[in-house]
Every structure is written in C-alpha cells, then in structure tokens.
Amino acid sequence: MIGVFDSGIGGLTVVKEIRNMLPEYDVVYFGDTARVPYGNKSPELIKKYALEDARFLLDKGAKLIVIACNSASAVAREYLREQLDVPVLGVIGPAVHAAKAATINGRIGVIGTRATVNSGIYQLVLKNLEQTVPQSTGSSDRSVPAFMRKGKRIQTSTPVMSIVAQAAPLLVPLVEEGYIHKPETKQLVRRYLQPLKQQQIDTLILGCTHYPILKEVIRAKAPKIKLIDPAQTLAAELELFIKDRRELDRSLSKRHELRLYVSDLTLQVNEIANLWLGKHVNVEEVQW
Ligand code: DGL
C-alpha cells in the first residue's frame, strides 16, 4: 500500500491526485485530526508526530510513505528518511521543481503555514537544486526528479531565481468551514497575495494542503500568476518514482482500495472527506 499522512484532512487533496494518477494502487491514509494543526507547532513536535503517523501507516502495511502535509514535509522529511527504511516522499521538492520550470522571471512565491514558511525549506531546496543540476542535464539524469525527466530537457539559461514566502495561516480554518467563495476569504487571499505581488512573482506555490481548494479564488486575485499545486506535482513525481523501481512497484498492492483513518472522527471530517473526494467514503477512527 501507499501510505499517506497529514496533520488532518487537508491531505485528502493529495490522496485525490494520487488516485487520479494511480487509480489501481491501494492507498492507506492517516489524518491526525486529534492533534491538528501542525502548522503552528515547533519543528521538534512536528517531527515526533510525523514519525508516529508514519509508523501507524507502516503497521497498516504501507511500503512507501507520502507526507501530504507541507508543514511536516518541510521540517520532518529528512528525519523520517533517517528513521525509516522505506522511501519517504514529501510535497516540497516536486513543487519547487515545477515552479522552477514554470517561472519566466525567476521570482517564485510560496504561501504556507508558519512552520513551513519559517523552515526556509523552499529556498533551501531551490538553492540545492541550482547547485546540483548539471548544465548538460539530459532526460536520463537521475539527480533530477523522475517527473522532470519525462520529455523535455532541463532549461539551462534560467534567470537568477528567488523564492519569497508568505505565511497564510488563516486560510486553513476558512477552507475547513467551507468558506471558499465568501467575501472574508477573498479579502484575506488578496491581503496575503499583496506582498508577493509587490515582489513581482510570476509563479506561486500553494504550499499547504488546503490551498488547492482555493485555486479559483487565488486565480481570480492573481490572474497572471502561474499556480503550482503541490498535490499534483507530488502525484506526478510519485508515479515516476514507483515506475522507476520495479521491486517497490511489485510490493505495492493494486486492488483500487482506499482506507482512511483519523485520530478523531467528527461529523465535519466525514463531510469534508466526502466532499473533497467527490464520493461517499468510509473514515475510521483509530486509538493511539
Ligand atoms: N496540513 C497542513 C499543511 O499542509 C495544514 C494544516 C496544519 O497546520 O496542520 O501545512
């Protein structure tokens, strides 16, 4: 099974994209709804929670861990890689690669939780990428993530790139309350985008599980800015990661199954799960 975890139900945006990309692969999801949000917690606590979440998924038979949560991907991915002996994929790397490929003027914006923004991870990944991508990178170069190797060659004469990050924490509860097209949400989106627009970004990474739900609202406020959806870029990367590794692929069960677990099952969790996945799903509560 492919194991996916998030601080809550936001990671279902990632599950949806994985199901679109790899419909036959079984997915087991854990949403830590009892301890959400992670985005305002310390890196130490997020690491501890992330390890517990991943271990839960491994107990359920996961052979690969996907961190759907941007905050946990930002601060805990390396830690999980050290602690676990299965592959661990996060949402940051694929999103930065996609943004790097999409930008024309080299100015990339990110919105995310405080934990994500304070981690400085997007800037770090971009810097590492610029240092490690060789000038002559071709379609078979393995230092380049799998989904970037598909098709065209890496751009070599790119402008100097920079990433500016903006914390947008209030959008999470608004999305969970279903306030997608409300004036309050539009006003906040405009406010959060303002400093990024002043920096003349031409590409924006929606660096939080909940923000893809607001894509239309964000697009209306920033029609000329290209939006990068980490749920989609992660799913594309995951597909090629699996297809590149035959043994791993063989170990993943393929019965179209989706198992959803949360640490606190409320009515709202059920409603959001059904709404975001676009069908009736069964969510189970687990006791730690
Ligand atoms: N899932 C979190 C993220 O993507 C958002 C909610 C939270 O703060 O836990 O960063």
# chains A, B, ... in the order shown; residues from 1 in each chain; ligands from 1

$ residues_near_ligand --ligand "ligand 1" --cutoff "9 Å" --atoms "only C-alpha atoms and all ligand atoms" --output "JSON, numbers by chain"
{"A": [6, 7, 8, 9, 10, 11, 32, 33, 35, 36, 37, 38, 39, 40, 41, 68, 69, 70, 71, 72, 73, 74, 112, 113, 114, 115, 116, 169, 172, 173, 207, 208, 209, 210, 211]}

$ write_last_selection --atoms "C-alpha atoms" --output "PDB file, in the first residue's frame"
ATOM      1  CA  ASP A   6      -1.309  14.614   7.018  1.00  0.00           C
ATOM      2  CA  SER A   7      -1.949  16.669  10.128  1.00  0.00           C
ATOM      3  CA  GLY A   8      -5.670  16.382   9.395  1.00  0.00           C
ATOM      4  CA  ILE A   9      -7.994  16.018   6.455  1.00  0.00           C
ATOM      5  CA  GLY A  10      -6.206  18.527   4.173  1.00  0.00           C
ATOM      6  CA  GLY A  11      -4.037  15.731   2.816  1.00  0.00           C
ATOM      7  CA  ASP A  32      -4.065  13.308  12.676  1.00  0.00           C
ATOM      8  CA  THR A  33      -7.275  15.226  13.333  1.00  0.00           C
ATOM      9  CA  ARG A  35      -3.616  16.981  17.020  1.00  0.00           C
ATOM     10  CA  VAL A  36      -4.166  19.266  14.011  1.00  0.00           C
ATOM     11  CA  PRO A  37      -2.898  21.923  13.270  1.00  0.00           C
ATOM     12  CA  TYR A  38       0.797  21.127  12.878  1.00  0.00           C
ATOM     13  CA  GLY A  39       1.483  24.448  11.149  1.00  0.00           C
ATOM     14  CA  ASN A  40       1.851  26.439  14.357  1.00  0.00           C
ATOM     15  CA  LYS A  41       3.859  23.830  16.278  1.00  0.00           C
ATOM     16  CA  ALA A  68       0.971  15.111   2.262  1.00  0.00           C
ATOM     17  CA  CYS A  69       1.348  17.817   4.900  1.00  0.00           C
ATOM     18  CA  ASN A  70       3.533  20.719   3.771  1.00  0.00           C
ATOM     19  CA  SER A  71       4.470  21.605   7.343  1.00  0.00           C
ATOM     20  CA  ALA A  72       5.602  18.033   8.084  1.00  0.00           C
ATOM     21  CA  SER A  73       7.330  17.750   4.694  1.00  0.00           C
ATOM     22  CA  ALA A  74       9.167  20.978   5.482  1.00  0.00           C
ATOM     23  CA  GLY A 112       2.026  28.172   3.597  1.00  0.00           C
ATOM     24  CA  THR A 113       1.699  27.734   7.336  1.00  0.00           C
ATOM     25  CA  ARG A 114       4.087  29.440   9.749  1.00  0.00           C
ATOM     26  CA  ALA A 115       6.018  26.192  10.273  1.00  0.00           C
ATOM     27  CA  THR A 116       6.515  25.814   6.537  1.00  0.00           C
ATOM     28  CA  PRO A 169      -2.443  30.530   8.326  1.00  0.00           C
ATOM     29  CA  VAL A 172      -6.862  26.783   6.737  1.00  0.00           C
ATOM     30  CA  PRO A 173      -9.848  27.218   9.094  1.00  0.00           C
ATOM     31  CA  GLY A 207       2.287  25.371  -0.105  1.00  0.00           C
ATOM     32  CA  CYS A 208      -0.406  23.982   2.158  1.00  0.00           C
ATOM     33  CA  THR A 209      -2.752  21.036   1.761  1.00  0.00           C
ATOM     34  CA  HIS A 210      -5.832  23.260   1.942  1.00  0.00           C
ATOM     35  CA  TYR A 211      -4.917  25.876  -0.635  1.00  0.00           C
TER      36      TYR A 211
END

$ residues_around --residues "Ile108 (chain A)" --least-positions-apart "2" --cutoff "7 Å" --atoms "only C-alpha atoms" --output "list of chain:residue names"
A:Ala99, A:Thr103, A:Gly106, A:Val110, A:Ser162, A:Ile163, A:Val164, A:Ile201, A:Asp202, A:Thr203, A:Leu204

$ closest_residue --among "A:Asn274, A:Asn282, A:Lys243, A:Pro94" --to "Glu257 (chain A)" --atoms "only C-alpha atoms"
A:Asn282

$ atom_distance --atom1 "CA of Glu284 (chain A)" --atom2 "CA of Ala50 (chain A)"
19.2 Å

$ residues_around --residues "Arg107 (chain A)" --least-positions-apart "5" --cutoff "12 Å" --atoms "only C-alpha atoms" --output "list in words"
Val96, Ala99, Lys100, Ala101, Ala102, Gln123, Leu126, Thr158, Pro159, Val160, Met161, Ser162, Ile163, Val164, Ala165, Leu196, Lys197, Gln198, Gln199, Gln200, Ile201, Asp202, Thr203, Leu204, Ile205, Ile225 and Lys226 of chain A

$ select_by_dssp --residues "region 25-179 of chain A" --states "helix (DSSP H, G or I)" --output "PyMOL selection string"
chain A and resi 43-59+70-83+92-102+114-119+121-132+146-149+171-176

$ select_by_dssp --residues "region 87-138 of chain A" --states "strand (DSSP E or B)" --output "PyMOL selection string"
chain A and resi 88-90+107-112

$ closest_residue --among "A:Tyr192, A:Tyr29, A:Trp288, A:Phe5" --to "Arg259 (chain A)" --atoms "only C-alpha atoms"
A:Tyr29

$ atom_distance --atom1 "CA of Leu45 (chain A)" --atom2 "CA of Glu78 (chain A)"
14.6 Å

$ residues_around --residues "His280 (chain A)" --least-positions-apart "4" --cutoff "10 Å" --atoms "only C-alpha atoms" --output "MDAnalysis selection string"
chainID A and resid 270:271 273:276

$ write_last_selection --atoms "N, CA and C atoms" --output "PDB file, in the first residue's frame"
ATOM      1  N   ASN A 270     -16.077  13.650   8.276  1.00  0.00           N
ATOM      2  CA  ASN A 270     -16.833  12.852   7.307  1.00  0.00           C
ATOM      3  C   ASN A 270     -17.331  13.689   6.138  1.00  0.00           C
ATOM      4  N   GLU A 271     -17.873  14.859   6.461  1.00  0.00           N
ATOM      5  CA  GLU A 271     -18.421  15.735   5.414  1.00  0.00           C
ATOM      6  C   GLU A 271     -17.323  16.163   4.433  1.00  0.00           C
ATOM      7  N   ALA A 273     -14.394  14.798   3.907  1.00  0.00           N
ATOM      8  CA  ALA A 273     -13.839  13.653   3.160  1.00  0.00           C
ATOM      9  C   ALA A 273     -14.727  13.339   1.960  1.00  0.00           C
ATOM     10  N   ASN A 274     -16.024  13.302   2.178  1.00  0.00           N
ATOM     11  CA  ASN A 274     -16.953  13.004   1.072  1.00  0.00           C
ATOM     12  C   ASN A 274     -16.919  14.090   0.005  1.00  0.00           C
ATOM     13  N   LEU A 275     -16.888  15.344   0.480  1.00  0.00           N
ATOM     14  CA  LEU A 275     -16.919  16.475  -0.445  1.00  0.00           C
ATOM     15  C   LEU A 275     -15.640  16.532  -1.287  1.00  0.00           C
ATOM     16  N   TRP A 276     -14.497  16.466  -0.634  1.00  0.00           N
ATOM     17  CA  TRP A 276     -13.229  16.629  -1.349  1.00  0.00           C
ATOM     18  C   TRP A 276     -12.892  15.441  -2.236  1.00  0.00           C
TER      19      TRP A 276
END

$ closest_residue --among "A:Ile67, A:Val28, A:Leu252, A:Ala235" --to "Lys16 (chain A)" --atoms "only C-alpha atoms"
A:Ala235

$ closest_residue --among "A:Leu234, A:Val125, A:Ile46, A:Ile228" --to "Val66 (chain A)" --atoms "only C-alpha atoms"
A:Leu234

$ closest_residue --among "A:Gly93, A:Pro183, A:Gly109, A:Pro87" --to "Asp249 (chain A)" --atoms "only C-alpha atoms"
A:Pro87

$ closest_residue --among "A:Lys182, A:Lys63, A:His97, A:Lys224" --to "Ile242 (chain A)" --atoms "only C-alpha atoms"
A:Lys63

$ residues_around --residues "Ala54 (chain A)" --least-positions-apart "6" --cutoff "9 Å" --atoms "only C-alpha atoms" --output "list in words"
Gly3, Val4, Phe5, Phe30, Ala62, Ile65, Val66, Ile67, Leu80 and Leu84 of chain A

$ write_last_selection --atoms "C-alpha atoms" --output "mmCIF file, in the first residue's frame"
data_model
loop_
_atom_site.group_PDB
_atom_site.id
_atom_site.type_symbol
_atom_site.label_atom_id
_atom_site.label_comp_id
_atom_site.auth_asym_id
_atom_site.auth_seq_id
_atom_site.Cartn_x
_atom_site.Cartn_y
_atom_site.Cartn_z
ATOM 1 C CA GLY A 3 0.838 5.282 2.937
ATOM 2 C CA VAL A 4 -0.156 8.955 3.027
ATOM 3 C CA PHE A 5 -0.362 11.085 6.143
ATOM 4 C CA PHE A 30 -3.890 8.754 8.211
ATOM 5 C CA ALA A 62 2.461 0.786 3.795
ATOM 6 C CA ILE A 65 5.332 6.926 2.857
ATOM 7 C CA VAL A 66 3.997 10.123 1.303
ATOM 8 C CA ILE A 67 3.969 13.170 3.561
ATOM 9 C CA LEU A 80 11.740 10.304 8.659
ATOM 10 C CA LEU A 84 12.540 4.581 8.475
#

$ atom_distance --atom1 "CA of Asn118 (chain A)" --atom2 "CA of Leu170 (chain A)"
16.0 Å
